[in-house]
Amino acid sequence: MNRPSSIAKELEHPADKAGLYALGRKKLDGGDTGGARQLFTEFLTRFGKDELAGNAQYWLGETYYAERRWNDAIVEYRKVLKDHRGSEKTPDALLKIGMSFQNENDCKNAILFFEEVEQAYKSSPAAKLAREQMAQCKGPKRKTAGKQTR
């Protein structure tokens with residue numbers, strides 16, 4: 001038979017929220033950023049008030065970050081802050097906004113976000129990374145500012 005069975009189709013594209021979320025993470029981890037983006041977008045459309053919505057929003061940002069689409073990533077990470085402020089992914093979203101600015105050689109804005117992570121989430125793993133990234137921004141290595149890096 002050439003047609004996939006309904007069970008196989010369900011495995012390819014789950015209808016339940018846990019399945020959508022898990023498959024989105026699996027696709028992202030496997031490098032299928034487009035497939036992951038589609039799944040996380042669907043999750044947020046259908047389950048936007050779910051307790052995992054903040055995480056799904058963060059992972060949606062990660063799909064753009066993985067593609068080095070810094071501005072698109074910032075837009076999605078900011079939605080974690082705006083729509084899901086209490087999410088466990090808030091410190092990570094702040095960190096990744098800073099790192100996205102840093103990747104655009106905009107250390108002035110990057111430092112603002114790194115400082116917010118450090119002050120608001122002192123004991124988080126994100127705060128430790130924010131301190132490290134801030135040191136890179138402030139350090140002598142940042143002489144590439146103004147040059148385009150691909």
# chains A, B, ... in the order shown; residues from 1 in each chain; ligands from 1
call {"tool": "residues_around", "arguments": {"residues": "stretch 110-125 of chain A", "least_positions_apart": "4", "cutoff": "6 Å", "atoms": "only C-alpha atoms", "output": "NGL selection string"}}
result
:A and (91 or 94-95 or 98 or 101-102 or 130 or 134)
call {"tool": "write_last_selection", "arguments": {"atoms": "all heavy atoms", "output": "short mmCIF file (atom, residue, chain, number, x, y, z; two decimals), in the first residue's frame"}}
result
data_model
loop_
_atom_site.label_atom_id
_atom_site.label_comp_id
_atom_site.auth_asym_id
_atom_site.auth_seq_id
_atom_site.Cartn_x
_atom_site.Cartn_y
_atom_site.Cartn_z
N PRO A 91 14.41 33.58 31.81
CA PRO A 91 15.84 33.96 31.85
C PRO A 91 16.59 33.55 30.59
O PRO A 91 17.45 34.29 30.10
CB PRO A 91 16.39 33.24 33.08
CG PRO A 91 15.31 32.38 33.61
CD PRO A 91 14.04 32.72 32.92
N LEU A 94 15.77 36.07 27.81
CA LEU A 94 16.54 37.30 28.00
C LEU A 94 17.98 37.10 27.55
O LEU A 94 18.55 37.96 26.85
CB LEU A 94 16.52 37.72 29.48
CG LEU A 94 15.22 38.29 30.00
CD1 LEU A 94 15.22 38.31 31.53
CD2 LEU A 94 14.99 39.69 29.45
N LEU A 95 18.58 35.99 27.94
CA LEU A 95 19.95 35.68 27.55
C LEU A 95 20.08 35.61 26.03
O LEU A 95 20.99 36.21 25.44
CB LEU A 95 20.39 34.34 28.17
CG LEU A 95 21.75 33.81 27.72
CD1 LEU A 95 22.88 34.70 28.22
CD2 LEU A 95 21.93 32.37 28.20
N GLY A 98 19.98 38.90 24.30
CA GLY A 98 21.31 39.51 24.41
C GLY A 98 22.31 38.90 23.45
O GLY A 98 23.05 39.61 22.77
N PHE A 101 21.66 40.08 19.89
CA PHE A 101 22.24 41.42 19.67
C PHE A 101 23.77 41.32 19.57
O PHE A 101 24.38 41.97 18.71
CB PHE A 101 21.86 42.38 20.81
CG PHE A 101 20.50 42.99 20.66
CD1 PHE A 101 19.52 42.78 21.62
CD2 PHE A 101 20.18 43.78 19.56
CE1 PHE A 101 18.26 43.35 21.50
CE2 PHE A 101 18.92 44.36 19.43
CZ PHE A 101 17.95 44.14 20.40
N GLN A 102 24.37 40.52 20.41
CA GLN A 102 25.82 40.34 20.39
C GLN A 102 26.26 39.79 19.03
O GLN A 102 27.27 40.23 18.47
CB GLN A 102 26.23 39.40 21.52
CG GLN A 102 27.72 39.23 21.67
CD GLN A 102 28.06 38.32 22.85
OE1 GLN A 102 27.23 37.50 23.26
NE2 GLN A 102 29.26 38.47 23.37
N ALA A 130 25.24 34.73 31.00
CA ALA A 130 25.13 36.17 30.71
C ALA A 130 26.41 36.89 31.15
O ALA A 130 26.90 37.77 30.43
CB ALA A 130 23.91 36.76 31.43
N MET A 134 28.77 38.85 28.63
CA MET A 134 29.02 40.26 28.88
C MET A 134 30.52 40.55 28.89
O MET A 134 30.97 41.55 28.34
CB MET A 134 28.40 40.67 30.23
CG MET A 134 28.23 42.15 30.36
SD MET A 134 27.20 42.73 31.74
CE MET A 134 26.70 41.31 32.64
#
call {"tool": "residues_around", "arguments": {"residues": "A:Glu67", "least_positions_apart": "6", "cutoff": "10 Å", "atoms": "only C-alpha atoms", "output": "MDAnalysis selection string"}}
result
chainID A and resid 31 33:34 73
call {"tool": "closest_residue", "arguments": {"among": "A:Thr41, A:Ser100, A:Gln133, A:Asn71", "to": "A:Trp59", "atoms": "only C-alpha atoms"}}
result
A:Thr41
call {"tool": "closest_atom_pairs", "arguments": {"of": "stretch 75-147 of chain A", "to": "stretch 50-58 of chain A", "cutoff": "9 Å", "atoms": "only C-alpha atoms", "output": "CSV"}}
result
residue,atom,partner,partner_atom,distance
A:Glu76,CA,A:Gln57,CA,6.7
A:Tyr77,CA,A:Tyr58,CA,5.8
A:Arg78,CA,A:Tyr58,CA,8.9
A:Lys79,CA,A:Gln57,CA,7.0
A:Val80,CA,A:Gly54,CA,5.7
A:Leu81,CA,A:Gly54,CA,8.7
A:Asp83,CA,A:Gly54,CA,7.7
A:His84,CA,A:Gly54,CA,5.1
A:Arg85,CA,A:Gly54,CA,8.0
A:Gly86,CA,A:Gly54,CA,8.2
A:Ser87,CA,A:Gly54,CA,5.4
A:Glu88,CA,A:Asn55,CA,7.4
A:Lys89,CA,A:Asn55,CA,5.9
A:Thr90,CA,A:Gly54,CA,8.1
A:Asp92,CA,A:Tyr58,CA,8.1
A:Ala93,CA,A:Tyr58,CA,6.4
call {"tool": "write_last_selection", "arguments": {"atoms": "all heavy atoms", "output": "tab-separated table (two decimals), in the first residue's frame"}}
result
chain	number	residue	atom	x	y	z
A	76	GLU	N	10.70	36.59	18.49
A	76	GLU	CA	10.06	35.44	19.14
A	76	GLU	C	10.42	35.35	20.62
A	76	GLU	O	9.57	35.05	21.45
A	76	GLU	CB	10.39	34.14	18.41
A	76	GLU	CG	9.90	34.10	16.97
A	76	GLU	CD	8.41	34.36	16.79
A	76	GLU	OE1	7.61	34.02	17.70
A	76	GLU	OE2	8.03	34.89	15.74
A	77	TYR	N	11.68	35.62	20.97
A	77	TYR	CA	12.08	35.58	22.38
A	77	TYR	C	11.35	36.67	23.17
A	77	TYR	O	10.98	36.46	24.32
A	77	TYR	CB	13.59	35.78	22.54
A	77	TYR	CG	14.45	34.65	22.02
A	77	TYR	CD1	15.57	34.92	21.24
A	77	TYR	CD2	14.17	33.32	22.32
A	77	TYR	CE1	16.39	33.90	20.78
A	77	TYR	CE2	14.99	32.30	21.86
A	77	TYR	CZ	16.09	32.61	21.09
A	77	TYR	OH	16.90	31.59	20.64
A	78	ARG	N	11.15	37.83	22.56
A	78	ARG	CA	10.42	38.91	23.25
A	78	ARG	C	8.99	38.50	23.58
A	78	ARG	O	8.42	38.97	24.56
A	78	ARG	CB	10.43	40.19	22.43
A	78	ARG	CG	11.77	40.90	22.47
A	78	ARG	CD	11.69	42.21	21.73
A	78	ARG	NE	12.97	42.85	21.63
A	78	ARG	CZ	13.30	43.96	22.28
A	78	ARG	NH1	12.44	44.55	23.07
A	78	ARG	NH2	14.49	44.48	22.12
A	79	LYS	N	8.41	37.63	22.77
A	79	LYS	CA	7.05	37.15	23.05
A	79	LYS	C	7.02	36.30	24.32
A	79	LYS	O	6.01	36.26	25.01
A	79	LYS	CB	6.50	36.37	21.86
A	79	LYS	CG	6.19	37.25	20.66
A	79	LYS	CD	5.68	36.42	19.50
A	79	LYS	CE	5.52	37.25	18.25
A	79	LYS	NZ	5.14	36.43	17.09
A	80	VAL	N	8.13	35.63	24.64
A	80	VAL	CA	8.20	34.91	25.91
A	80	VAL	C	8.07	35.93	27.05
A	80	VAL	O	7.30	35.73	28.00
A	80	VAL	CB	9.53	34.12	26.07
A	80	VAL	CG1	9.64	33.50	27.45
A	80	VAL	CG2	9.66	33.06	24.99
A	81	LEU	N	8.78	37.05	26.93
A	81	LEU	CA	8.75	38.08	27.97
A	81	LEU	C	7.39	38.75	28.06
A	81	LEU	O	6.89	39.03	29.15
A	81	LEU	CB	9.82	39.14	27.70
A	81	LEU	CG	11.24	38.65	27.43
A	81	LEU	CD1	12.18	39.82	27.21
A	81	LEU	CD2	11.74	37.76	28.56
A	83	ASP	N	4.25	37.64	26.67
A	83	ASP	CA	3.06	36.80	26.81
A	83	ASP	C	3.20	35.69	27.86
A	83	ASP	O	2.20	35.12	28.28
A	83	ASP	CB	2.73	36.14	25.46
A	83	ASP	CG	2.46	37.16	24.37
A	83	ASP	OD1	2.03	38.29	24.68
A	83	ASP	OD2	2.68	36.82	23.19
A	84	HIS	N	4.44	35.37	28.25
A	84	HIS	CA	4.67	34.23	29.15
A	84	HIS	C	5.73	34.59	30.20
A	84	HIS	O	6.64	33.81	30.46
A	84	HIS	CB	5.12	33.00	28.35
A	84	HIS	CG	4.25	32.70	27.18
A	84	HIS	ND1	3.02	32.09	27.29
A	84	HIS	CD2	4.41	32.95	25.86
A	84	HIS	CE1	2.47	31.97	26.10
A	84	HIS	NE2	3.29	32.49	25.21
A	85	ARG	N	5.58	35.76	30.79
A	85	ARG	CA	6.62	36.29	31.70
A	85	ARG	C	6.96	35.33	32.85
A	85	ARG	O	8.08	35.27	33.30
A	85	ARG	CB	6.18	37.66	32.25
A	85	ARG	CG	7.24	38.39	33.03
A	85	ARG	CD	8.42	38.74	32.16
A	85	ARG	NE	9.45	39.42	32.93
A	85	ARG	CZ	10.47	40.05	32.41
A	85	ARG	NH1	10.60	40.12	31.11
A	85	ARG	NH2	11.36	40.62	33.15
A	86	GLY	N	6.00	34.56	33.31
A	86	GLY	CA	6.25	33.64	34.41
A	86	GLY	C	6.88	32.32	33.98
A	86	GLY	O	7.15	31.46	34.81
A	87	SER	N	7.14	32.18	32.70
A	87	SER	CA	7.68	30.93	32.16
A	87	SER	C	9.07	30.66	32.72
A	87	SER	O	9.86	31.57	32.95
A	87	SER	CB	7.75	31.02	30.63
A	87	SER	OG	8.52	29.97	30.10
A	88	GLU	N	9.37	29.38	32.87
A	88	GLU	CA	10.72	28.98	33.27
A	88	GLU	C	11.76	29.36	32.22
A	88	GLU	O	12.95	29.38	32.48
A	88	GLU	CB	10.78	27.48	33.54
A	88	GLU	CG	10.56	26.63	32.31
A	88	GLU	CD	10.52	25.14	32.58
A	88	GLU	OE1	10.10	24.74	33.67
A	88	GLU	OE2	10.90	24.37	31.68
A	89	LYS	N	11.31	29.67	31.01
A	89	LYS	CA	12.22	30.04	29.92
A	89	LYS	C	12.51	31.54	29.86
A	89	LYS	O	13.28	31.98	29.01
A	89	LYS	CB	11.65	29.58	28.57
A	89	LYS	CG	11.69	28.08	28.38
A	89	LYS	CD	13.12	27.59	28.35
A	89	LYS	CE	13.23	26.14	27.99
A	89	LYS	NZ	14.60	25.66	28.10
A	90	THR	N	11.95	32.33	30.77
A	90	THR	CA	12.17	33.77	30.75
A	90	THR	C	13.65	34.14	30.85
A	90	THR	O	14.14	34.92	30.03
A	90	THR	CB	11.34	34.47	31.84
A	90	THR	OG1	9.96	34.22	31.59
A	90	THR	CG2	11.58	35.97	31.86
A	92	ASP	N	16.23	32.40	30.02
A	92	ASP	CA	16.89	31.94	28.80
A	92	ASP	C	16.53	32.85	27.62
A	92	ASP	O	17.38	33.12	26.77
A	92	ASP	CB	16.49	30.50	28.49
A	92	ASP	CG	16.95	29.53	29.57
A	92	ASP	OD1	18.11	29.61	29.98
A	92	ASP	OD2	16.13	28.71	30.01
A	93	ALA	N	15.28	33.31	27.58
A	93	ALA	CA	14.86	34.21	26.51
A	93	ALA	C	15.62	35.54	26.61
A	93	ALA	O	16.10	36.07	25.59
A	93	ALA	CB	13.35	34.45	26.56
call {"tool": "select_by_dssp", "arguments": {"residues": "stretch 64-143 of chain A", "states": "alpha helix (DSSP H)", "output": "JSON list (two decimals) with C-alpha atoms, in the first residue's frame"}}
result
[["chain", "number", "residue", "atom", "x", "y", "z"],
["A", 64, "TYR", "CA", 15.43, 31.28, 14.09],
["A", 65, "TYR", "CA", 18.52, 31.51, 16.29],
["A", 66, "ALA", "CA", 19.78, 28.21, 14.86],
["A", 70, "TRP", "CA", 18.94, 37.18, 14.79],
["A", 71, "ASN", "CA", 16.14, 39.73, 14.33],
["A", 72, "ASP", "CA", 13.48, 37.04, 13.88],
["A", 73, "ALA", "CA", 14.82, 35.25, 16.96],
["A", 74, "ILE", "CA", 14.62, 38.46, 19.01],
["A", 75, "VAL", "CA", 10.98, 38.96, 17.97],
["A", 76, "GLU", "CA", 10.06, 35.44, 19.14],
["A", 77, "TYR", "CA", 12.08, 35.58, 22.38],
["A", 78, "ARG", "CA", 10.42, 38.91, 23.25],
["A", 79, "LYS", "CA", 7.05, 37.15, 23.05],
["A", 80, "VAL", "CA", 8.20, 34.91, 25.91],
["A", 81, "LEU", "CA", 8.75, 38.08, 27.97],
["A", 82, "LYS", "CA", 5.50, 39.72, 26.87],
["A", 83, "ASP", "CA", 3.06, 36.80, 26.81],
["A", 90, "THR", "CA", 12.17, 33.77, 30.75],
["A", 91, "PRO", "CA", 15.84, 33.96, 31.85],
["A", 92, "ASP", "CA", 16.89, 31.94, 28.80],
["A", 93, "ALA", "CA", 14.86, 34.21, 26.51],
["A", 94, "LEU", "CA", 16.54, 37.30, 28.00],
["A", 95, "LEU", "CA", 19.95, 35.68, 27.55],
["A", 96, "LYS", "CA", 19.25, 34.72, 23.93],
["A", 97, "ILE", "CA", 17.98, 38.22, 23.11],
["A", 98, "GLY", "CA", 21.31, 39.51, 24.41],
["A", 99, "MET", "CA", 23.23, 36.91, 22.45],
["A", 100, "SER", "CA", 21.29, 37.75, 19.30],
["A", 101, "PHE", "CA", 22.24, 41.42, 19.67],
["A", 102, "GLN", "CA", 25.82, 40.34, 20.39],
["A", 103, "ASN", "CA", 25.85, 38.29, 17.18],
["A", 107, "CYS", "CA", 27.01, 44.93, 22.42],
["A", 108, "LYS", "CA", 25.33, 48.05, 23.81],
["A", 109, "ASN", "CA", 21.89, 46.40, 23.60],
["A", 110, "ALA", "CA", 23.27, 42.94, 24.38],
["A", 111, "ILE", "CA", 24.69, 44.14, 27.70],
["A", 112, "LEU", "CA", 21.29, 45.54, 28.74],
["A", 113, "PHE", "CA", 19.77, 42.06, 28.45],
["A", 114, "PHE", "CA", 22.76, 40.30, 30.02],
["A", 115, "GLU", "CA", 22.52, 42.67, 33.01],
["A", 116, "GLU", "CA", 18.79, 42.01, 33.36],
["A", 117, "VAL", "CA", 19.38, 38.25, 33.45],
["A", 118, "GLU", "CA", 22.16, 38.68, 35.98],
["A", 119, "GLN", "CA", 20.12, 40.95, 38.27],
["A", 120, "ALA", "CA", 16.72, 39.24, 38.06],
["A", 125, "PRO", "CA", 22.47, 28.96, 34.69],
["A", 126, "ALA", "CA", 21.41, 31.76, 32.30],
["A", 127, "ALA", "CA", 22.93, 34.37, 34.66],
["A", 128, "LYS", "CA", 26.29, 32.58, 34.59],
["A", 129, "LEU", "CA", 26.22, 32.53, 30.77],
["A", 130, "ALA", "CA", 25.13, 36.17, 30.71],
["A", 131, "ARG", "CA", 28.20, 37.13, 32.77],
["A", 132, "GLU", "CA", 30.45, 35.22, 30.37],
["A", 133, "GLN", "CA", 28.83, 36.82, 27.30],
["A", 134, "MET", "CA", 29.02, 40.26, 28.88],
["A", 135, "ALA", "CA", 32.74, 39.79, 29.49],
["A", 136, "GLN", "CA", 33.15, 38.98, 25.78],
["A", 137, "CYS", "CA", 31.28, 42.14, 24.85],
["A", 138, "LYS", "CA", 33.36, 44.28, 27.18]]
call {"tool": "closest_residue", "arguments": {"among": "A:Glu42, A:His13, A:Leu60, A:Phe47", "to": "A:Arg25", "atoms": "only C-alpha atoms"}}
result
A:Leu60
call {"tool": "closest_residue", "arguments": {"among": "A:Asp106, A:Glu12, A:Asp29, A:Lys17", "to": "A:Arg46", "atoms": "only C-alpha atoms"}}
result
A:Lys17
call {"tool": "residues_around", "arguments": {"residues": "A:Phe40", "least_positions_apart": "3", "cutoff": "7 Å", "atoms": "only C-alpha atoms", "output": "ChimeraX atom specification"}}
result
/A:21,24,36-37,43-44,56,60
call {"tool": "write_last_selection", "arguments": {"atoms": "N, CA, C and O atoms", "output": "compact mmCIF listing (two decimals), in the first residue's frame"}}
result
# COMPACT_ATOMS: atom_id res chain seq x y z
N TYR A 21 4.47 19.15 20.91
CA TYR A 21 5.62 19.75 21.59
C TYR A 21 6.85 18.84 21.47
O TYR A 21 7.93 19.29 21.10
N GLY A 24 8.18 18.73 17.97
CA GLY A 24 8.86 20.00 17.68
C GLY A 24 10.27 20.02 18.24
O GLY A 24 11.22 20.40 17.55
N ALA A 36 10.31 22.13 12.90
CA ALA A 36 10.10 22.48 14.31
C ALA A 36 9.29 23.76 14.42
O ALA A 36 8.37 23.86 15.23
N ARG A 37 9.63 24.74 13.60
CA ARG A 37 8.92 26.04 13.63
C ARG A 37 7.43 25.83 13.35
O ARG A 37 6.57 26.40 14.02
N PHE A 43 1.38 24.53 17.87
CA PHE A 43 1.16 24.35 19.31
C PHE A 43 0.65 25.65 19.92
O PHE A 43 -0.33 25.65 20.68
N LEU A 44 1.31 26.76 19.60
CA LEU A 44 0.93 28.05 20.19
C LEU A 44 -0.44 28.51 19.71
O LEU A 44 -1.19 29.12 20.48
N ALA A 56 7.28 26.56 24.42
CA ALA A 56 7.11 26.44 22.96
C ALA A 56 7.50 27.74 22.28
O ALA A 56 8.14 27.73 21.22
N LEU A 60 10.46 28.23 19.60
CA LEU A 60 10.20 28.87 18.30
C LEU A 60 11.29 29.89 18.01
O LEU A 60 11.82 29.96 16.90
call {"tool": "closest_residue", "arguments": {"among": "A:Ala15, A:Ala22, A:Gly139, A:Lys27", "to": "A:Glu62", "atoms": "only C-alpha atoms"}}
result
A:Lys27
